[in-house]
Structure formats: C-alpha cells, structure tokens
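Participant: Data file protein25.cif (mmCIF, C-alpha atoms, pLDDT in the B column; chains and numbers go by the auth columns) is appended below.
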```cif
data_upload
#
loop_
_atom_site.group_PDB
_atom_site.id
_atom_site.type_symbol
_atom_site.label_atom_id
_atom_site.label_comp_id
_atom_site.label_asym_id
_atom_site.label_seq_id
_atom_site.Cartn_x
_atom_site.Cartn_y
_atom_site.Cartn_z
_atom_site.B_iso_or_equiv
_atom_site.auth_seq_id
_atom_site.auth_asym_id
ATOM 1 C CA MET A 1 28.449 -45.995 -20.608 44.00 1 A
ATOM 2 C CA LYS A 2 27.536 -45.296 -24.261 47.00 2 A
ATOM 3 C CA ARG A 3 24.635 -47.747 -23.971 48.00 3 A
ATOM 4 C CA ASP A 4 23.252 -45.718 -21.033 46.00 4 A
ATOM 5 C CA ILE A 5 23.550 -42.459 -22.991 45.00 5 A
ATOM 6 C CA ASP A 6 21.862 -44.053 -26.002 50.00 6 A
ATOM 7 C CA PHE A 7 19.059 -45.280 -23.728 46.00 7 A
ATOM 8 C CA VAL A 8 18.455 -41.805 -22.271 46.00 8 A
ATOM 9 C CA THR A 9 18.491 -40.252 -25.758 48.00 9 A
ATOM 10 C CA LYS A 10 16.024 -42.869 -27.032 50.00 10 A
ATOM 11 C CA PHE A 11 13.886 -42.363 -23.914 48.00 11 A
ATOM 12 C CA MET A 12 13.753 -38.616 -24.534 48.00 12 A
ATOM 13 C CA ILE A 13 12.823 -39.071 -28.192 49.00 13 A
ATOM 14 C CA ASP A 14 10.180 -41.691 -27.318 51.00 14 A
ATOM 15 C CA TYR A 15 8.514 -39.194 -25.009 52.00 15 A
ATOM 16 C CA ASP A 16 8.999 -36.243 -27.377 51.00 16 A
ATOM 17 C CA VAL A 17 11.225 -34.498 -24.832 54.00 17 A
ATOM 18 C CA VAL A 18 13.364 -32.584 -27.251 60.00 18 A
ATOM 19 C CA VAL A 19 13.924 -28.956 -26.316 67.00 19 A
ATOM 20 C CA PRO A 20 15.399 -26.996 -29.225 74.00 20 A
ATOM 21 C CA LEU A 21 19.020 -26.047 -28.686 76.00 21 A
ATOM 22 C CA SER A 22 18.220 -22.406 -29.432 77.00 22 A
ATOM 23 C CA VAL A 23 15.831 -22.286 -26.455 76.00 23 A
ATOM 24 C CA ILE A 24 18.404 -23.888 -24.142 77.00 24 A
ATOM 25 C CA VAL A 25 21.184 -21.563 -25.311 80.00 25 A
ATOM 26 C CA GLY A 26 18.907 -18.523 -25.040 80.00 26 A
ATOM 27 C CA VAL A 27 17.902 -19.347 -21.469 81.00 27 A
ATOM 28 C CA VAL A 28 21.510 -20.077 -20.466 83.00 28 A
ATOM 29 C CA VAL A 29 22.713 -16.769 -21.966 85.00 29 A
ATOM 30 C CA LEU A 30 19.904 -14.877 -20.224 84.00 30 A
ATOM 31 C CA ILE A 31 20.700 -16.527 -16.877 84.00 31 A
ATOM 32 C CA CYS A 32 24.448 -15.913 -17.226 84.00 32 A
ATOM 33 C CA GLY A 33 23.868 -12.285 -18.169 84.00 33 A
ATOM 34 C CA THR A 34 21.564 -11.766 -15.200 84.00 34 A
ATOM 35 C CA ILE A 35 24.031 -13.410 -12.812 82.00 35 A
ATOM 36 C CA VAL A 36 26.872 -11.206 -14.115 82.00 36 A
ATOM 37 C CA PHE A 37 24.622 -8.165 -13.634 82.00 37 A
ATOM 38 C CA LEU A 38 23.785 -9.301 -10.079 78.00 38 A
ATOM 39 C CA PHE A 39 27.460 -9.865 -9.324 77.00 39 A
ATOM 40 C CA PHE A 40 28.393 -6.287 -10.185 79.00 40 A
ATOM 41 C CA HIS A 41 25.387 -4.830 -8.334 76.00 41 A
ATOM 42 C CA LYS A 42 25.533 -6.956 -5.193 63.00 42 A
ATOM 43 C CA SER A 43 25.412 -5.492 -1.733 68.00 43 A
ATOM 44 C CA ASN A 44 26.907 -8.581 -0.072 79.00 44 A
ATOM 45 C CA LEU A 45 27.898 -12.116 -1.004 78.00 45 A
ATOM 46 C CA MET A 46 24.907 -13.862 0.585 79.00 46 A
ATOM 47 C CA GLU A 47 22.461 -11.559 -1.191 83.00 47 A
ATOM 48 C CA PHE A 48 24.222 -12.295 -4.498 84.00 48 A
ATOM 49 C CA ILE A 49 24.020 -16.060 -3.850 84.00 49 A
ATOM 50 C CA ARG A 50 20.328 -15.776 -2.957 87.00 50 A
ATOM 51 C CA ASN A 51 19.481 -13.713 -6.036 87.00 51 A
ATOM 52 C CA ALA A 52 21.594 -15.878 -8.355 89.00 52 A
ATOM 53 C CA SER A 53 19.834 -18.968 -6.955 91.00 53 A
ATOM 54 C CA TRP A 54 16.409 -17.476 -7.735 92.00 54 A
ATOM 55 C CA CYS A 55 17.632 -16.675 -11.243 90.00 55 A
ATOM 56 C CA LEU A 56 18.842 -20.258 -11.733 91.00 56 A
ATOM 57 C CA ILE A 57 15.554 -21.629 -10.348 94.00 57 A
ATOM 58 C CA ALA A 58 13.538 -19.516 -12.803 92.00 58 A
ATOM 59 C CA GLY A 59 15.638 -20.721 -15.732 91.00 59 A
ATOM 60 C CA TYR A 60 15.493 -24.335 -14.584 92.00 60 A
ATOM 61 C CA VAL A 61 11.716 -24.238 -14.098 92.00 61 A
ATOM 62 C CA PHE A 62 11.288 -22.721 -17.580 90.00 62 A
ATOM 63 C CA LEU A 63 13.413 -25.473 -19.141 89.00 63 A
ATOM 64 C CA ALA A 64 11.499 -28.079 -17.093 89.00 64 A
ATOM 65 C CA LEU A 65 8.216 -26.718 -18.453 88.00 65 A
ATOM 66 C CA CYS A 66 9.665 -26.830 -21.963 86.00 66 A
ATOM 67 C CA ALA A 67 10.669 -30.474 -21.513 85.00 67 A
ATOM 68 C CA THR A 68 7.452 -31.602 -19.816 86.00 68 A
ATOM 69 C CA ILE A 69 4.821 -29.488 -21.566 85.00 69 A
ATOM 70 C CA PHE A 70 5.691 -26.862 -24.189 86.00 70 A
ATOM 71 C CA PHE A 71 7.692 -29.057 -26.575 81.00 71 A
ATOM 72 C CA ARG A 72 5.638 -32.222 -26.276 83.00 72 A
ATOM 73 C CA LYS A 73 3.056 -33.283 -28.789 84.00 73 A
ATOM 74 C CA GLU A 74 -0.574 -33.183 -27.767 82.00 74 A
ATOM 75 C CA THR A 75 -2.254 -36.591 -27.566 84.00 75 A
ATOM 76 C CA PRO A 76 -5.878 -37.190 -28.554 84.00 76 A
ATOM 77 C CA GLU A 77 -6.935 -38.074 -25.004 86.00 77 A
ATOM 78 C CA MET A 78 -5.937 -37.304 -21.431 76.00 78 A
ATOM 79 C CA ARG A 79 -3.460 -39.837 -20.080 74.00 79 A
ATOM 80 C CA TYR A 80 -3.229 -40.282 -16.333 72.00 80 A
ATOM 81 C CA SER A 81 -2.506 -42.695 -13.493 78.00 81 A
ATOM 82 C CA PHE A 82 -3.684 -41.817 -9.999 74.00 82 A
ATOM 83 C CA GLN A 83 -2.658 -45.125 -8.418 74.00 83 A
ATOM 84 C CA LEU A 84 0.325 -44.543 -6.107 75.00 84 A
ATOM 85 C CA PHE A 85 3.292 -46.886 -6.647 71.00 85 A
ATOM 86 C CA ARG A 86 1.709 -48.346 -9.794 69.00 86 A
ATOM 87 C CA CYS A 87 5.109 -48.109 -11.475 69.00 87 A
ATOM 88 C CA TYR A 88 6.457 -50.688 -9.019 68.00 88 A
ATOM 89 C CA SER A 89 3.871 -53.327 -9.943 66.00 89 A
ATOM 90 C CA SER A 90 5.917 -54.302 -12.967 68.00 90 A
ATOM 91 C CA ILE A 91 9.589 -53.482 -12.659 69.00 91 A
ATOM 92 C CA TYR A 92 11.451 -53.198 -15.901 70.00 92 A
ATOM 93 C CA TYR A 93 14.460 -51.220 -17.093 70.00 93 A
ATOM 94 C CA LYS A 94 12.596 -48.389 -18.823 73.00 94 A
ATOM 95 C CA MET A 95 10.292 -47.763 -15.843 75.00 95 A
ATOM 96 C CA MET A 96 13.185 -47.756 -13.375 80.00 96 A
ATOM 97 C CA ALA A 97 15.079 -45.297 -15.584 81.00 97 A
ATOM 98 C CA GLU A 98 12.006 -43.051 -15.690 83.00 98 A
ATOM 99 C CA ASN A 99 11.716 -43.159 -11.890 85.00 99 A
ATOM 100 C CA ILE A 100 15.396 -42.303 -11.444 89.00 100 A
ATOM 101 C CA LEU A 101 15.147 -39.468 -13.970 89.00 101 A
ATOM 102 C CA ASN A 102 12.094 -38.080 -12.133 90.00 102 A
ATOM 103 C CA ILE A 103 14.070 -38.117 -8.881 93.00 103 A
ATOM 104 C CA LEU A 104 17.124 -36.479 -10.470 94.00 104 A
ATOM 105 C CA PHE A 105 14.889 -33.949 -12.228 91.00 105 A
ATOM 106 C CA PHE A 106 13.992 -32.201 -8.942 94.00 106 A
ATOM 107 C CA VAL A 107 17.323 -32.440 -7.088 95.00 107 A
ATOM 108 C CA PRO A 108 18.398 -29.011 -8.462 94.00 108 A
ATOM 109 C CA ILE A 109 15.112 -27.460 -7.290 95.00 109 A
ATOM 110 C CA GLY A 110 15.653 -28.544 -3.675 95.00 110 A
ATOM 111 C CA PHE A 111 19.330 -27.615 -3.777 94.00 111 A
ATOM 112 C CA LEU A 112 18.795 -24.141 -5.246 94.00 112 A
ATOM 113 C CA LEU A 113 15.795 -23.369 -3.025 95.00 113 A
ATOM 114 C CA GLY A 114 18.037 -24.041 -0.031 93.00 114 A
ATOM 115 C CA PHE A 115 20.326 -21.227 -1.135 90.00 115 A
ATOM 116 C CA ALA A 116 17.521 -18.968 -2.386 92.00 116 A
ATOM 117 C CA LYS A 117 15.342 -18.902 0.714 86.00 117 A
ATOM 118 C CA ARG A 118 16.450 -16.472 3.418 78.00 118 A
ATOM 119 C CA HIS A 119 15.183 -18.716 6.227 78.00 119 A
ATOM 120 C CA ASN A 120 15.244 -22.147 4.673 74.00 120 A
ATOM 121 C CA ASN A 121 12.830 -24.587 6.190 87.00 121 A
ATOM 122 C CA THR A 122 13.078 -28.114 4.770 91.00 122 A
ATOM 123 C CA LEU A 123 9.325 -28.673 5.008 94.00 123 A
ATOM 124 C CA GLN A 124 8.634 -25.384 3.228 94.00 124 A
ATOM 125 C CA ILE A 125 11.100 -26.234 0.446 94.00 125 A
ATOM 126 C CA LEU A 126 9.529 -29.696 0.060 95.00 126 A
ATOM 127 C CA SER A 127 6.104 -28.050 -0.147 95.00 127 A
ATOM 128 C CA ILE A 128 7.313 -25.778 -2.952 95.00 128 A
ATOM 129 C CA GLY A 129 8.838 -28.761 -4.814 95.00 129 A
ATOM 130 C CA PHE A 130 5.670 -30.798 -4.296 97.00 130 A
ATOM 131 C CA GLY A 131 3.501 -27.898 -5.499 96.00 131 A
ATOM 132 C CA LEU A 132 5.645 -27.387 -8.599 96.00 132 A
ATOM 133 C CA SER A 133 5.435 -31.085 -9.429 96.00 133 A
ATOM 134 C CA VAL A 134 1.654 -31.178 -8.948 95.00 134 A
ATOM 135 C CA THR A 135 1.326 -28.074 -11.134 95.00 135 A
ATOM 136 C CA ILE A 136 3.328 -29.704 -13.934 94.00 136 A
ATOM 137 C CA GLU A 137 1.258 -32.894 -13.726 93.00 137 A
ATOM 138 C CA ILE A 138 -2.065 -30.992 -13.775 92.00 138 A
ATOM 139 C CA ILE A 139 -0.960 -28.930 -16.772 92.00 139 A
ATOM 140 C CA GLN A 140 0.085 -32.163 -18.530 91.00 140 A
ATOM 141 C CA LEU A 141 -3.356 -33.633 -17.840 89.00 141 A
ATOM 142 C CA PHE A 142 -5.388 -30.708 -19.155 91.00 142 A
ATOM 143 C CA THR A 143 -3.152 -29.920 -22.124 91.00 143 A
ATOM 144 C CA LYS A 144 -2.937 -33.639 -23.017 88.00 144 A
ATOM 145 C CA ARG A 145 0.868 -33.470 -23.160 87.00 145 A
ATOM 146 C CA GLY A 146 2.543 -36.293 -21.321 83.00 146 A
ATOM 147 C CA VAL A 147 1.048 -38.489 -18.621 83.00 147 A
ATOM 148 C CA CYS A 148 -0.340 -37.090 -15.383 86.00 148 A
ATOM 149 C CA ASN A 149 1.111 -39.591 -12.934 88.00 149 A
ATOM 150 C CA ILE A 150 0.953 -39.481 -9.129 90.00 150 A
ATOM 151 C CA ASP A 151 4.161 -41.533 -9.004 90.00 151 A
ATOM 152 C CA ASP A 152 5.971 -38.683 -10.776 92.00 152 A
ATOM 153 C CA VAL A 153 4.906 -36.317 -7.979 94.00 153 A
ATOM 154 C CA PHE A 154 6.241 -38.791 -5.395 95.00 154 A
ATOM 155 C CA HIS A 155 9.577 -39.225 -7.201 94.00 155 A
ATOM 156 C CA ASN A 156 9.966 -35.481 -7.854 96.00 156 A
ATOM 157 C CA THR A 157 9.370 -34.775 -4.157 96.00 157 A
ATOM 158 C CA ILE A 158 12.000 -37.377 -3.213 96.00 158 A
ATOM 159 C CA GLY A 159 14.384 -35.612 -5.605 96.00 159 A
ATOM 160 C CA CYS A 160 13.608 -32.274 -3.971 96.00 160 A
ATOM 161 C CA LEU A 161 14.333 -33.833 -0.565 96.00 161 A
ATOM 162 C CA LEU A 162 17.677 -35.141 -1.842 97.00 162 A
ATOM 163 C CA GLY A 163 18.455 -31.654 -3.176 96.00 163 A
ATOM 164 C CA VAL A 164 17.701 -30.101 0.231 95.00 164 A
ATOM 165 C CA GLY A 165 19.950 -32.701 1.847 95.00 165 A
ATOM 166 C CA LEU A 166 22.713 -31.853 -0.619 95.00 166 A
ATOM 167 C CA TYR A 167 22.218 -28.165 0.201 93.00 167 A
ATOM 168 C CA HIS A 168 22.566 -28.873 3.942 92.00 168 A
ATOM 169 C CA ILE A 169 25.780 -30.834 3.328 92.00 169 A
ATOM 170 C CA CYS A 170 27.211 -28.015 1.168 89.00 170 A
ATOM 171 C CA ASN A 171 26.120 -25.398 3.687 85.00 171 A
ATOM 172 C CA TRP A 172 27.791 -27.346 6.508 87.00 172 A
ATOM 173 C CA ILE A 173 31.024 -27.639 4.501 87.00 173 A
ATOM 174 C CA ILE A 174 30.941 -23.924 3.664 81.00 174 A
ATOM 175 C CA ASN A 175 30.329 -22.961 7.290 81.00 175 A
ATOM 176 C CA LYS A 176 32.952 -25.343 8.634 81.00 176 A
ATOM 177 C CA TYR A 177 35.773 -24.856 6.132 77.00 177 A
ATOM 178 C CA CYS A 178 35.136 -21.813 3.937 72.00 178 A
ATOM 179 C CA ILE A 179 33.380 -19.173 6.042 60.00 179 A
ATOM 180 C CA HIS A 180 36.696 -17.500 6.874 51.00 180 A
ATOM 181 C CA ILE A 181 37.335 -17.049 3.130 45.00 181 A
ATOM 182 C CA ILE A 182 33.982 -15.269 2.722 46.00 182 A
ATOM 183 C CA HIS A 183 34.603 -12.903 5.647 41.00 183 A
ATOM 184 C CA ASP A 184 38.263 -12.108 4.779 34.00 184 A
#
```
Just dump the structure as structure tokens.
Facilitator:
Amino acid sequence: MKRDIDFVTKFMIDYDVVVPLSVIVGVVVLICGTIVFLFFHKSNLMEFIRNASWCLIAGYVFLALCATIFFRKETPEMRYSFQLFRCYSSIYYKMMAENILNILFFVPIGFLLGFAKRHNNTLQILSIGFGLSVTIEIIQLFTKRGVCNIDDVFHNTIGCLLGVGLYHICNWIINKYCIHIIHD
C-alpha cells in the first residue's frame, strides 16, 4: 500500500500538481462554514442537501482548477494530444494510473450533481461533466499548463458517469430504507 501512495505522490510532483495546504484548508473552512450557515437557514431537508451539494461542487471545481491549472508551471510550448485512445497504444503503469486518476477525479462531480440538480437527468449531468472537462483541457492548452488531452475528457466523462451511477444507488437506498427517517 505504501508503494502505491509513494507512486501517487511522485506522480503529483512530476506533474507539478501540488496545491498549497493553505488553499485547501481555506476552501474546506469556507465550504464547512457555508454548509453550517445553510443548515441553520434551511427551509426543508432536500433544499439543504441541494444547496450543500452546489457548495461542495463549487469548492471541488475550484480545487480541481488549482490542481490542473493555477498551481502548475507554464511550459514553453502548448502540449496536446487530440488522438482518441492514444494512451492505450502503449500500456504502462504510469499511464494506467493517470487514466484511473482521471476517472476518479470526476466521480465526485457526477455524484454531487445528482444531488444538486432538482430534476436530475443523467444525460444533462454527463453534459455538464463533459463541458467542465473540455473547459479544463482548453484552458490547459492556451495557458500552456499541463497537457490538453482528448483521452482525459473521455476518462473524466466516464468518471462523471460512475458518479451519477453512485448517486442513483445512494438515492435508491435512501428512498427504500431511510425515507421514513427523513419524514419522521
């Protein structure tokens, strides 16, 4: 297990993905404070969950932008790959880890959007996740921070889909087993 943690840490340092702890703590404190405020000013539980989800999404997107753009070093030239599934032409450990991390990176987006949207439509949530991923990649291209990679968009969208699936499972469990707790 330690070897896996060391690999992820080395991977993050190799790609200059180091978000200062002060930024992370500041965002977490701001999110927690906002959620506490929402809790005491809620009109009903579902509205609180929806608003708290939007708050968490905003914080997560900000931290994602920090990790993918703001705290990366600018390179001398634009780096990009517009060939779909290029990462699968040569399978090696580092590339597979990057693909898995890109998938996991967007699972929270799909999950939280499921709770945040009043009428959640899986296709609409996937479109939002896809659009966010494309936006990040385009900003990386023009700011010369990171690599604009079409495979990242594909993997992020898969992660968003997994997050929506996780939301549907949680929602089913809540409706089946816990809804009486909410209404009592």
Participant: Find the residues around A:Phe130 up to 9 Å (only C-alpha atoms counted), leave out those fewer than 6 positions away in its own chain, and share them as a list in words.
Facilitator: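 After dropping sequence-adjacent residues, the list is Val153, Phe154, Asn156, Thr157 and Cys160 of chain A.
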Participant: Got a sec: who's within 12 Å of stretch 49-60 of chain A, counting only C-alpha atoms, leaving out chain neighbours fewer than 4 positions off, as a JSON list (two decimals) with C-alpha atoms, keeping the file's coordinate frame?
Facilitator:
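Final file, selection_4.json:
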```json
[["chain", "number", "residue", "atom", "x", "y", "z"],
["A", 23, "VAL", "CA", 15.83, -22.29, -26.46],
["A", 24, "ILE", "CA", 18.40, -23.89, -24.14],
["A", 25, "VAL", "CA", 21.18, -21.56, -25.31],
["A", 26, "GLY", "CA", 18.91, -18.52, -25.04],
["A", 27, "VAL", "CA", 17.90, -19.35, -21.47],
["A", 28, "VAL", "CA", 21.51, -20.08, -20.47],
["A", 29, "VAL", "CA", 22.71, -16.77, -21.97],
["A", 30, "LEU", "CA", 19.90, -14.88, -20.22],
["A", 31, "ILE", "CA", 20.70, -16.53, -16.88],
["A", 32, "CYS", "CA", 24.45, -15.91, -17.23],
["A", 33, "GLY", "CA", 23.87, -12.28, -18.17],
["A", 34, "THR", "CA", 21.56, -11.77, -15.20],
["A", 35, "ILE", "CA", 24.03, -13.41, -12.81],
["A", 36, "VAL", "CA", 26.87, -11.21, -14.12],
["A", 37, "PHE", "CA", 24.62, -8.16, -13.63],
["A", 38, "LEU", "CA", 23.78, -9.30, -10.08],
["A", 39, "PHE", "CA", 27.46, -9.86, -9.32],
["A", 40, "PHE", "CA", 28.39, -6.29, -10.18],
["A", 41, "HIS", "CA", 25.39, -4.83, -8.33],
["A", 42, "LYS", "CA", 25.53, -6.96, -5.19],
["A", 43, "SER", "CA", 25.41, -5.49, -1.73],
["A", 44, "ASN", "CA", 26.91, -8.58, -0.07],
["A", 45, "LEU", "CA", 27.90, -12.12, -1.00],
["A", 64, "ALA", "CA", 11.50, -28.08, -17.09],
["A", 65, "LEU", "CA", 8.22, -26.72, -18.45],
["A", 66, "CYS", "CA", 9.66, -26.83, -21.96],
["A", 67, "ALA", "CA", 10.67, -30.47, -21.51],
["A", 105, "PHE", "CA", 14.89, -33.95, -12.23],
["A", 106, "PHE", "CA", 13.99, -32.20, -8.94],
["A", 107, "VAL", "CA", 17.32, -32.44, -7.09],
["A", 108, "PRO", "CA", 18.40, -29.01, -8.46],
["A", 109, "ILE", "CA", 15.11, -27.46, -7.29],
["A", 110, "GLY", "CA", 15.65, -28.54, -3.68],
["A", 111, "PHE", "CA", 19.33, -27.62, -3.78],
["A", 112, "LEU", "CA", 18.80, -24.14, -5.25],
["A", 113, "LEU", "CA", 15.80, -23.37, -3.02],
["A", 114, "GLY", "CA", 18.04, -24.04, -0.03],
["A", 115, "PHE", "CA", 20.33, -21.23, -1.14],
["A", 116, "ALA", "CA", 17.52, -18.97, -2.39],
["A", 117, "LYS", "CA", 15.34, -18.90, 0.71],
["A", 118, "ARG", "CA", 16.45, -16.47, 3.42],
["A", 119, "HIS", "CA", 15.18, -18.72, 6.23],
["A", 120, "ASN", "CA", 15.24, -22.15, 4.67],
["A", 128, "ILE", "CA", 7.31, -25.78, -2.95],
["A", 129, "GLY", "CA", 8.84, -28.76, -4.81],
["A", 132, "LEU", "CA", 5.64, -27.39, -8.60],
["A", 167, "TYR", "CA", 22.22, -28.16, 0.20],
["A", 182, "ILE", "CA", 33.98, -15.27, 2.72]]
```
Participant: Restricting the calculation to all atoms listed in the file: of A:Asp152, A:Trp172, A:Pro20, A:Ser127, which residue gets closest to A:Asn102?
Facilitator: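 Residue with the minimum atom-to-atom distance to A:Asn102: A:Asp152.
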Participant: Give me the residues within 7 Å of A:Val147 as a list in words, counting all atoms listed in the file and dropping any in the same chain fewer than 4 places off.
Facilitator: Arg79, Tyr80, Gln140 and Leu141 of chain A
Participant: Quick one: of A:Gln83, A:Thr75, A:Ser22, A:Asn175, who's nearest to A:Phe142, counting all atoms listed in the file?
Facilitator: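 Result for the nearest residue to A:Phe142: A:Thr75.
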Participant: Please give the centre and size of the box around stretch 20-28 of chain A (axis-aligned, containing every atom listed in the file, 5 Å added per side), with values in Å to one decimal and written as lines of an AutoDock Vina configuration file.
Facilitator:
```
center_x = 18.5
center_y = -22.8
center_z = -24.9
size_x = 16.1
size_y = 18.5
size_z = 19.0
```
Participant: Would you mind reading off the distance between atom CA of A:Val164 and atom CA of A:Cys178, one decimal, in Å?
Facilitator: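 So the answer is 19.7 Å.
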Participant: Quick one: apply the PyMOL selection byres ((chain A and resi 84) around 8) to the file and drop the selected residues here as a list in words.
Facilitator: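 Output from the PyMOL selection byres ((chain A and resi 84) around 8), applied to this file: Phe82, Gln83, Phe85, Arg86, Ile150 and Asp151 of chain A.
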Participant: Residues as selected, C-alpha atoms, written as an mmCIF file, keeping the file's coordinate frame, can you do that?
Facilitator:
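That gives us part.cif:
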```
data_model
loop_
_atom_site.group_PDB
_atom_site.id
_atom_site.type_symbol
_atom_site.label_atom_id
_atom_site.label_comp_id
_atom_site.auth_asym_id
_atom_site.auth_seq_id
_atom_site.Cartn_x
_atom_site.Cartn_y
_atom_site.Cartn_z
ATOM 1 C CA PHE A 82 -3.684 -41.817 -9.999
ATOM 2 C CA GLN A 83 -2.658 -45.125 -8.418
ATOM 3 C CA PHE A 85 3.292 -46.886 -6.647
ATOM 4 C CA ARG A 86 1.709 -48.346 -9.794
ATOM 5 C CA ILE A 150 0.953 -39.481 -9.129
ATOM 6 C CA ASP A 151 4.161 -41.533 -9.004
#
```
Participant: At what distance in Å, to one decimal, does atom CA of A:Lys144 lie from atom CA of A:Met78?
Facilitator: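 Pair atom CA of A:Met78 / atom CA of A:Lys144 returns 5.0 Å.
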Participant: Rounded to one decimal, what separation in Å do you get between atom CA of A:Gly131 and atom CA of A:Met96?
Facilitator: 23.5 Å
Participant: Using all atoms listed in the file, pick whichever of A:Lys176, A:Asn171, A:Gly159, A:Met46 has the shortest atom-to-atom distance to A:Leu101.
Facilitator: A:Gly159
Participant: Using all atoms listed in the file, pick whichever of A:Phe62, A:Ser81, A:Leu21, A:Glu47 has the shortest atom-to-atom distance to A:Gly146.
Facilitator: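 Checking each candidate against A:Gly146, we get A:Ser81 as the closest.
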